[in-house]
Amino acid sequence: MVGADILSGLNEAQRRAVTSQARQVLVLAGPGSGKTRVLTYRIAYLIALQGVRPYQILAVTFTNKAAREMQTRVERLLQMERLPSEIWLGTFHATCARMLRREVKYLPLDQNFVIMDADDQLAIVRRAIKDLNISDKLYRPTTVHAAISHAKNNLLLPKEYPVRSYRDEVILRIYERYQQVLQDSNAVDFDDLLLWAYRLLLENPQVCENYQRRFAHILVDEFQDTNMAQYALLRLLNGRENSLFVVGDEDQSIYRWRGADYRNVLRFEEDYPAREKVLLEQNYRSTQTVLDAARRVIDRNPHRTAKHLSSARGESGERIILYEAVDDYAEAAYVVDTIERLLAAHRAKGSDFAVMYRTNAQSRLLEEAFLRAGLGYRLVGALRFYGRREVKDVIAFLRLAQNPADEISLARVINVPPRGIGDKTLVALQLAARQAGLAAGEVLLDLGRRGGESPFWKAFSGRSVIPLADFGALLAGWHESAAALPLPTLFDRILVDTVYHEYIDDESDEGKDRWENVQELRKMAYDFQERGLSAFLENLALVSDQDTMDRNPEQEVPTLLTLHAAKGLEFKQVFIIGLDEGLLPHNRSMDDPEEMAEERRLFYVGITRAKDNLYLVRASQRSSYGSFEPTEPSRFLEDIPENLLQPQGVLRSVLRRRSPSFFGGTQAYPSVSRREQAAPQAAPVIVRRFQPSMRVRHPSWGEGIVLESKVVDGEETVDVAFASVGFKRLIASLAGLEVL
DNA sequence: AGATGAGCGGTTTTT
DNA sequence: CCGCTCATCT
């Protein structure tokens with residue numbers, strides 16, 4: 001039996017949070033302070049010790065991964081095989097979808113409505129822009145979509161959309177058309193899930209009250225990432241009797257550009273003055289050195305509750321290594337060299353390492369360096385399974401089977417594989433449909449079922465109606481069997497009917513790969529055969545690539561990922577590269593203090609991922625758009641005190657701003673860790689490999705001639721004249737020079 | 001329908 | 001500079 005000892009695994013602050021009886025609880029949890037622990041223990045505590053029924057609990061997260069993790073951890077705590085499904089534990093979006101399906105009678109939607117993902121949303125914007133005869137050069141679909149999404153996140157329906165310029169007026173018209181396309185397609189987009197749920201509760205007080213009464217306890221993860229819609233929804237759900245328990249960290253809010261507003265934390269405090277506030281400052285992840293550096297960086301941000309993270313590990317740990325490479329090639333080489341060296345010395349294993357960067361483009365040079373070294377790696381966020389054409393095609397077929405009104409899916413696959421339905425025919429179909437007040441898919445169904453008997457038959461010129469009727473017949477067959485056939489059977493039938501295998505698999509490696517992706521999707525469909533087509537589609541819409549990626553077996557290799565993707569993860573050895581002005585902080589954030597503050601938080605998130613060692617790396621020149629440009633060290637580096645840093649390599653520009661004693665590196669600071677003394681990073685005796693007039697080859701600059709070689713700061717430094725780029729000064733150990 | 005070249009944009013991307 | 005999208009041609 002699970003007893004009161006459930007609380008013994010918590011520190012004092014955690015226990016105070018978990019057992020709080022306050023109506024509103026705000027837990028500000030520093031990185032590595034047991035945020036998930038508090039949430040899971042709270043749920044377990046409520047169920048096991050407070051007699052709360054799972055039915056009365058709503059717990060929301062931002063990612064499926066977080067939801068899954070919370071679920072399994074609660075199950076383990078309660079020693080349950082499986083948490084009862086009456087508990088609502090899921091992402092904001094999945095929770096809203098669940099609510100909307102239950103209450104669909106209050107909404108202008110059919111029970112089988114579909115959820116449009118980001119790609120679909122863009123396709124709808126394109127379609128709306130086209131329908132309205134607006135220039136997509138002046139009104140870029142991505143920009144317009146961002147405006148619409150932003151409006152929805154702020155709960156603004158078209159009729160409330162603020163128009164302050166002609167441009168706004170045009171965007172409003174696109175927004176209106178966009179919503180019309182969604183409604184005609186019996187669909188909602190991601191943002192609508194929140195927006196509709198909010199309107200549902202706002203406009204139907206009795207529905208709202210039902211949920212308020214039901215959910216005695218509402219728990220929210222990553223509260224700093226909520227947007228206006230989510231916050232408003234939570235406020236509605238928190239009625240007179242029930243409790244709202246939110247956990248977050250303003251300092252880790254890095255999704256402002258997606259509508260997240262960390263000021264919801266401040267708002268929460270204002271809206272609920274009686275809230276209990278708990279700070280979690282005991283850190284179980286990093287060394288004190290890492291935490292001190294992180295704190296110095298983040299303390300410069302305003303509007304936050306300052307936290308004093310202290311390490312529970314009882315050791316200050318090793319210094320943070322600061323390295324300045326001559327250029328971005330050398331930067332990548334340094335990272336790979338260092339990893340190789342630590343692996344060779346058995347001081348770490350592959351999966352201990354993570355290399356983090358601001359932009360995805362930075363992964364390219366890293367990948368090349370890993371490849372050159374013959375070292376495996378795992379790239380996060382690159383492989384977009386659901387972004388693959390073949391996967392999207394098959395999903396579109398399935399969506400049509402479920403909901404033939406889905407205009408976007410229809411437009412996507414009506415001519416896939418090519419069946420002679422061109423643009424003209426499609427426009428004619430859409431026109432005929434609009435005149436009849438039907439969806440294009442419904443006209444197709446009729447053509448398919450009744451053939452020449454259909455009133456639509458004569459609406460098409462010549463033989464163009466034949467492929468339409470043929471496809472309509474297929475669609476009718478799928479639609480009728482969508483509910484009856486087992487999902488895998490339907491899946492296979494669609495593939496057979498469309499001759500899809502032959503279409504995508506041309507026997508090339510790529511073709512085989514594409515077919516494998518379809519097979520992978522089929523496997524997932526198989527897993528869903530109990531729950532059926534609509535559950536499968538819902539899952540596909542609400543599950544991201546990030547989630548599927550974790551299905552792959554963990555390999556013992558370093559991970560390459562953006563700082564955004566790193567949130568929530570931890571690694572023993574962390575490299576953060578590209579610490580240059582313009583990259584981190586990014587150029588685009590320079591003229592807005594709020595954006596700059598977010599860049600700082602991004603760096604903070606990166607730093608606090610490190611358990612044991614942190615390496616901060618920059619390049620003094622960087623190849624951008626072809627030519628090399630000199631760079632300035634990131635302003636964030638200035639905030640890290642020297643006594644936490646261990647300079648390595650040359651560090652020209654970083655050090656120029658610091659005291660002269662810093663040039664001494666190791667010697668200037670006697671309190672270097674044991675490990676550092678035992679294994680000096682630079683070879684003690686420098687043997688020069690190069691001599692003047694030697695012919696050499698650089699991995700990117702090609703052939704050159706050595707002009708001079710000398711030892712500078714314990715590194716062999718070579719001057720080389722390259723045929724391609726002229727004179728360069730290189731660090732021999734990093735440049736990857738090959739003697740010819 | 002598929003190939004080819006011009007032209008443009010190049011931050012992050014939980015659902 | 002490179003890679004992608006889109007328009008235009010065949």
# chains A, B, ... in the order shown; residues from 1 in each chain; ligands from 1
>>> residues_around(residues="region 11-14 of chain B", least_positions_apart="5", cutoff="8 Å", atoms="only C-alpha atoms (C1' of nucleotides)", output="ChimeraX atom specification")
/A:62-63,255,358-359,564,586,588
>>> select_by_dssp(residues="region 353-502 of chain A", states="helix (DSSP H, G or I)", output="PyMOL selection string")
chain A and resi 360-373+385-387+389-402+407-413+423-436+440-453+457-459+462-481+487-498+500-502
>>> interface_residues(of="chain A", to="chain B", cutoff="10 Å", atoms="only C-alpha atoms (C1' of nucleotides)", output="PyMOL selection string")
chain A and resi 61-66+91-94+117-118+189-191+193+222+225+254-258+358-361+381+418+420+422+541-544+546+562-565+567+583+586-589+599+602+625
>>> residues_around(residues="Leu366 (chain A)", least_positions_apart="2", cutoff="8 Å", atoms="only C-alpha atoms (C1' of nucleotides)", output="number ranges by chain")
A: 332-333, 336, 362-364, 368-370
>>> interface_residues(of="chain C", to="chain A", cutoff="12 Å", atoms="only C-alpha atoms (C1' of nucleotides)", output="PDB file with C-alpha atoms (C1' of nucleotides), in the first residue's frame")
ATOM      1  C1'  DC C   1      27.175  31.286 -51.189  1.00  0.00           C
ATOM      2  C1'  DC C   2      23.650  27.719 -51.237  1.00  0.00           C
ATOM      3  C1'  DG C   3      19.216  25.706 -51.295  1.00  0.00           C
ATOM      4  C1'  DC C   6       8.053  29.180 -58.220  1.00  0.00           C
TER       5       DC C   6
END
>>> atom_distance(atom1="CA of Gln230 (chain A)", atom2="CA of Tyr211 (chain A)")
15.6 Å
>>> residues_around(residues="Tyr55 (chain A)", least_positions_apart="3", cutoff="12 Å", atoms="only C-alpha atoms (C1' of nucleotides)", output="number ranges by chain")
A: 43, 46-47, 51-52, 58-59, 83-89, 211, 213-218
>>> select_by_dssp(residues="region 267-422 of chain A", states="strand (DSSP E or B)", output="ChimeraX atom specification")
/A:276-280,282-283,310-311,320-327,353-357,378-379
>>> write_last_selection(atoms="C-alpha atoms", output="JSON list (two decimals), in the first residue's frame")
[["chain", "number", "residue", "atom", "x", "y", "z"],
["A", 276, "GLU", "CA", 1.13, 30.25, -2.28],
["A", 277, "LYS", "CA", 4.50, 30.70, -3.91],
["A", 278, "VAL", "CA", 7.23, 28.12, -3.59],
["A", 279, "LEU", "CA", 10.76, 28.50, -4.88],
["A", 280, "LEU", "CA", 12.73, 25.39, -5.77],
["A", 282, "GLN", "CA", 18.09, 23.11, -4.73],
["A", 283, "ASN", "CA", 19.68, 21.80, -7.91],
["A", 310, "SER", "CA", 22.68, 25.72, -5.04],
["A", 311, "SER", "CA", 24.11, 22.42, -6.06],
["A", 320, "ILE", "CA", 34.07, 26.08, -17.55],
["A", 321, "ILE", "CA", 36.29, 25.81, -20.57],
["A", 322, "LEU", "CA", 36.35, 28.80, -22.84],
["A", 323, "TYR", "CA", 37.75, 28.27, -26.29],
["A", 324, "GLU", "CA", 38.16, 30.63, -29.19],
["A", 325, "ALA", "CA", 38.74, 29.02, -32.57],
["A", 326, "VAL", "CA", 40.18, 30.83, -35.54],
["A", 327, "ASP", "CA", 37.11, 30.13, -37.60],
["A", 353, "PHE", "CA", 28.09, 14.67, -24.88],
["A", 354, "ALA", "CA", 25.83, 17.26, -26.36],
["A", 355, "VAL", "CA", 26.75, 20.02, -28.74],
["A", 356, "MET", "CA", 24.32, 22.91, -28.73],
["A", 357, "TYR", "CA", 23.93, 25.80, -31.10],
["A", 378, "ARG", "CA", 22.68, 11.89, -33.29],
["A", 379, "LEU", "CA", 21.14, 14.95, -34.84]]
>>> residues_around(residues="region 120-133 of chain A", least_positions_apart="2", cutoff="8 Å", atoms="only C-alpha atoms (C1' of nucleotides)", output="PyMOL selection string")
chain A and resi 116-118+135-136+141-142+144-145+174+177-178+181-182+189+408
>>> write_last_selection(atoms="N, CA and C atoms", output="PDB file, in the first residue's frame")
ATOM      1  N   MET A 116      -5.773  20.484 -38.277  1.00  0.00           N
ATOM      2  CA  MET A 116      -4.790  20.884 -39.273  1.00  0.00           C
ATOM      3  C   MET A 116      -3.459  21.200 -38.595  1.00  0.00           C
ATOM      4  N   ASP A 117      -2.388  20.659 -39.130  1.00  0.00           N
ATOM      5  CA  ASP A 117      -1.085  20.942 -38.546  1.00  0.00           C
ATOM      6  C   ASP A 117      -0.445  22.150 -39.234  1.00  0.00           C
ATOM      7  N   ALA A 118       0.784  22.437 -38.867  1.00  0.00           N
ATOM      8  CA  ALA A 118       1.437  23.666 -39.329  1.00  0.00           C
ATOM      9  C   ALA A 118       1.511  23.738 -40.859  1.00  0.00           C
ATOM     10  N   SER A 135      -1.694  39.323 -53.859  1.00  0.00           N
ATOM     11  CA  SER A 135      -0.328  38.966 -54.231  1.00  0.00           C
ATOM     12  C   SER A 135       0.385  38.263 -53.083  1.00  0.00           C
ATOM     13  N   ASP A 136       0.916  37.078 -53.345  1.00  0.00           N
ATOM     14  CA  ASP A 136       1.641  36.391 -52.265  1.00  0.00           C
ATOM     15  C   ASP A 136       3.074  36.899 -52.139  1.00  0.00           C
ATOM     16  N   PRO A 141       2.807  34.159 -47.299  1.00  0.00           N
ATOM     17  CA  PRO A 141       2.004  33.216 -46.508  1.00  0.00           C
ATOM     18  C   PRO A 141       2.534  33.001 -45.095  1.00  0.00           C
ATOM     19  N   THR A 142       3.843  32.876 -44.951  1.00  0.00           N
ATOM     20  CA  THR A 142       4.374  32.624 -43.601  1.00  0.00           C
ATOM     21  C   THR A 142       4.096  33.809 -42.674  1.00  0.00           C
ATOM     22  N   VAL A 144       1.718  36.131 -43.036  1.00  0.00           N
ATOM     23  CA  VAL A 144       0.284  36.227 -42.791  1.00  0.00           C
ATOM     24  C   VAL A 144      -0.145  35.162 -41.779  1.00  0.00           C
ATOM     25  N   HIS A 145       0.403  33.972 -41.949  1.00  0.00           N
ATOM     26  CA  HIS A 145       0.047  32.918 -41.004  1.00  0.00           C
ATOM     27  C   HIS A 145       0.460  33.277 -39.590  1.00  0.00           C
ATOM     28  N   ILE A 174      -7.868  37.916 -45.319  1.00  0.00           N
ATOM     29  CA  ILE A 174      -7.292  36.570 -45.461  1.00  0.00           C
ATOM     30  C   ILE A 174      -7.686  35.707 -44.256  1.00  0.00           C
ATOM     31  N   ARG A 177     -11.223  34.514 -44.638  1.00  0.00           N
ATOM     32  CA  ARG A 177     -11.292  33.453 -45.642  1.00  0.00           C
ATOM     33  C   ARG A 177     -10.693  32.153 -45.095  1.00  0.00           C
ATOM     34  N   TYR A 178      -9.598  32.308 -44.375  1.00  0.00           N
ATOM     35  CA  TYR A 178      -8.899  31.179 -43.751  1.00  0.00           C
ATOM     36  C   TYR A 178      -9.860  30.408 -42.844  1.00  0.00           C
ATOM     37  N   VAL A 181     -12.373  28.488 -44.909  1.00  0.00           N
ATOM     38  CA  VAL A 181     -11.840  27.235 -45.462  1.00  0.00           C
ATOM     39  C   VAL A 181     -11.832  26.157 -44.384  1.00  0.00           C
ATOM     40  N   LEU A 182     -11.419  26.524 -43.194  1.00  0.00           N
ATOM     41  CA  LEU A 182     -11.400  25.560 -42.090  1.00  0.00           C
ATOM     42  C   LEU A 182     -12.802  25.021 -41.829  1.00  0.00           C
ATOM     43  N   ASP A 189      -7.570  24.323 -36.651  1.00  0.00           N
ATOM     44  CA  ASP A 189      -6.106  24.263 -36.626  1.00  0.00           C
ATOM     45  C   ASP A 189      -5.625  24.210 -35.176  1.00  0.00           C
ATOM     46  N   ILE A 408      -8.089  20.680 -47.895  1.00  0.00           N
ATOM     47  CA  ILE A 408      -6.633  20.790 -47.988  1.00  0.00           C
ATOM     48  C   ILE A 408      -6.023  19.429 -48.351  1.00  0.00           C
TER      49      ILE A 408
END
>>> residues_around(residues="Pro108 (chain A)", least_positions_apart="2", cutoff="12 Å", atoms="only C-alpha atoms (C1' of nucleotides)", output="number ranges by chain")
A: 100-101, 103-106, 110-113, 179-180, 182-188, 196, 199-200
>>> write_last_selection(atoms="C-alpha atoms", output="mmCIF file, in the first residue's frame")
data_model
loop_
_atom_site.group_PDB
_atom_site.id
_atom_site.type_symbol
_atom_site.label_atom_id
_atom_site.label_comp_id
_atom_site.auth_asym_id
_atom_site.auth_seq_id
_atom_site.Cartn_x
_atom_site.Cartn_y
_atom_site.Cartn_z
ATOM 1 C CA LEU A 100 -14.123 19.832 -28.026
ATOM 2 C CA ARG A 101 -15.014 16.318 -29.141
ATOM 3 C CA GLU A 103 -18.868 19.086 -26.409
ATOM 4 C CA VAL A 104 -19.065 19.127 -30.160
ATOM 5 C CA LYS A 105 -22.815 19.792 -30.043
ATOM 6 C CA TYR A 106 -22.068 23.321 -28.855
ATOM 7 C CA ASP A 110 -19.050 17.678 -36.960
ATOM 8 C CA GLN A 111 -18.006 14.941 -34.602
ATOM 9 C CA ASN A 112 -15.329 13.767 -37.025
ATOM 10 C CA PHE A 113 -13.587 17.128 -37.424
ATOM 11 C CA GLN A 179 -11.525 30.484 -41.118
ATOM 12 C CA GLN A 180 -14.082 29.852 -43.844
ATOM 13 C CA LEU A 182 -11.400 25.560 -42.090
ATOM 14 C CA GLN A 183 -15.097 25.507 -41.416
ATOM 15 C CA ASP A 184 -15.914 24.231 -44.907
ATOM 16 C CA SER A 185 -13.369 21.484 -44.348
ATOM 17 C CA ASN A 186 -14.875 20.555 -41.004
ATOM 18 C CA ALA A 187 -11.491 21.297 -39.488
ATOM 19 C CA VAL A 188 -9.747 23.255 -36.770
ATOM 20 C CA TRP A 196 -12.528 27.119 -29.426
ATOM 21 C CA ARG A 199 -15.008 30.233 -26.363
ATOM 22 C CA LEU A 200 -16.852 27.061 -25.487
#
>>> residues_around(residues="Leu468 (chain A)", least_positions_apart="3", cutoff="9 Å", atoms="only C-alpha atoms (C1' of nucleotides)", output="list in words")
Ile414, Arg419, Gly420, Ile421, Thr425, Leu429, Leu444, Leu447, Gly448, Ser464, Val465, Phe471, Gly472 and Ala473 of chain A
>>> write_last_selection(atoms="N, CA and C atoms", output="PDB file, in the first residue's frame")
ATOM      1  N   ILE A 414      -5.416  14.848 -54.791  1.00  0.00           N
ATOM      2  CA  ILE A 414      -6.389  14.528 -55.831  1.00  0.00           C
ATOM      3  C   ILE A 414      -5.691  14.066 -57.106  1.00  0.00           C
ATOM      4  N   ARG A 419      -3.174  11.427 -62.055  1.00  0.00           N
ATOM      5  CA  ARG A 419      -4.266  10.703 -62.690  1.00  0.00           C
ATOM      6  C   ARG A 419      -5.023  11.633 -63.626  1.00  0.00           C
ATOM      7  N   GLY A 420      -4.304  12.637 -64.109  1.00  0.00           N
ATOM      8  CA  GLY A 420      -4.892  13.494 -65.124  1.00  0.00           C
ATOM      9  C   GLY A 420      -5.873  14.520 -64.603  1.00  0.00           C
ATOM     10  N   ILE A 421      -5.733  14.877 -63.323  1.00  0.00           N
ATOM     11  CA  ILE A 421      -6.561  15.961 -62.795  1.00  0.00           C
ATOM     12  C   ILE A 421      -5.651  17.160 -62.580  1.00  0.00           C
ATOM     13  N   THR A 425      -8.982  21.404 -63.991  1.00  0.00           N
ATOM     14  CA  THR A 425     -10.052  20.517 -63.559  1.00  0.00           C
ATOM     15  C   THR A 425     -10.369  20.728 -62.084  1.00  0.00           C
ATOM     16  N   LEU A 429     -13.846  21.831 -60.437  1.00  0.00           N
ATOM     17  CA  LEU A 429     -14.488  21.050 -59.378  1.00  0.00           C
ATOM     18  C   LEU A 429     -14.852  21.927 -58.191  1.00  0.00           C
ATOM     19  N   LEU A 444     -17.160  14.962 -55.503  1.00  0.00           N
ATOM     20  CA  LEU A 444     -16.418  13.792 -55.991  1.00  0.00           C
ATOM     21  C   LEU A 444     -17.127  12.498 -55.632  1.00  0.00           C
ATOM     22  N   LEU A 447     -20.013  11.948 -57.894  1.00  0.00           N
ATOM     23  CA  LEU A 447     -19.539  11.528 -59.219  1.00  0.00           C
ATOM     24  C   LEU A 447     -19.116  10.070 -59.188  1.00  0.00           C
ATOM     25  N   GLY A 448     -18.451   9.707 -58.127  1.00  0.00           N
ATOM     26  CA  GLY A 448     -17.965   8.338 -58.009  1.00  0.00           C
ATOM     27  C   GLY A 448     -19.101   7.349 -57.874  1.00  0.00           C
ATOM     28  N   SER A 464     -12.541  15.303 -68.924  1.00  0.00           N
ATOM     29  CA  SER A 464     -11.900  15.613 -67.646  1.00  0.00           C
ATOM     30  C   SER A 464     -12.686  15.032 -66.464  1.00  0.00           C
ATOM     31  N   VAL A 465     -13.972  14.726 -66.695  1.00  0.00           N
ATOM     32  CA  VAL A 465     -14.777  14.236 -65.583  1.00  0.00           C
ATOM     33  C   VAL A 465     -14.433  12.785 -65.239  1.00  0.00           C
ATOM     34  N   PHE A 471     -11.608   8.803 -59.233  1.00  0.00           N
ATOM     35  CA  PHE A 471     -11.070   9.070 -57.894  1.00  0.00           C
ATOM     36  C   PHE A 471     -12.213   9.137 -56.880  1.00  0.00           C
ATOM     37  N   GLY A 472     -13.347   9.709 -57.325  1.00  0.00           N
ATOM     38  CA  GLY A 472     -14.517   9.766 -56.452  1.00  0.00           C
ATOM     39  C   GLY A 472     -14.975   8.380 -56.027  1.00  0.00           C
ATOM     40  N   ALA A 473     -14.887   7.420 -56.958  1.00  0.00           N
ATOM     41  CA  ALA A 473     -15.292   6.053 -56.636  1.00  0.00           C
ATOM     42  C   ALA A 473     -14.363   5.459 -55.576  1.00  0.00           C
TER      43      ALA A 473
END
>>> atom_distance(atom1="CA of Glu250 (chain A)", atom2="CA of Met228 (chain A)")
15.3 Å
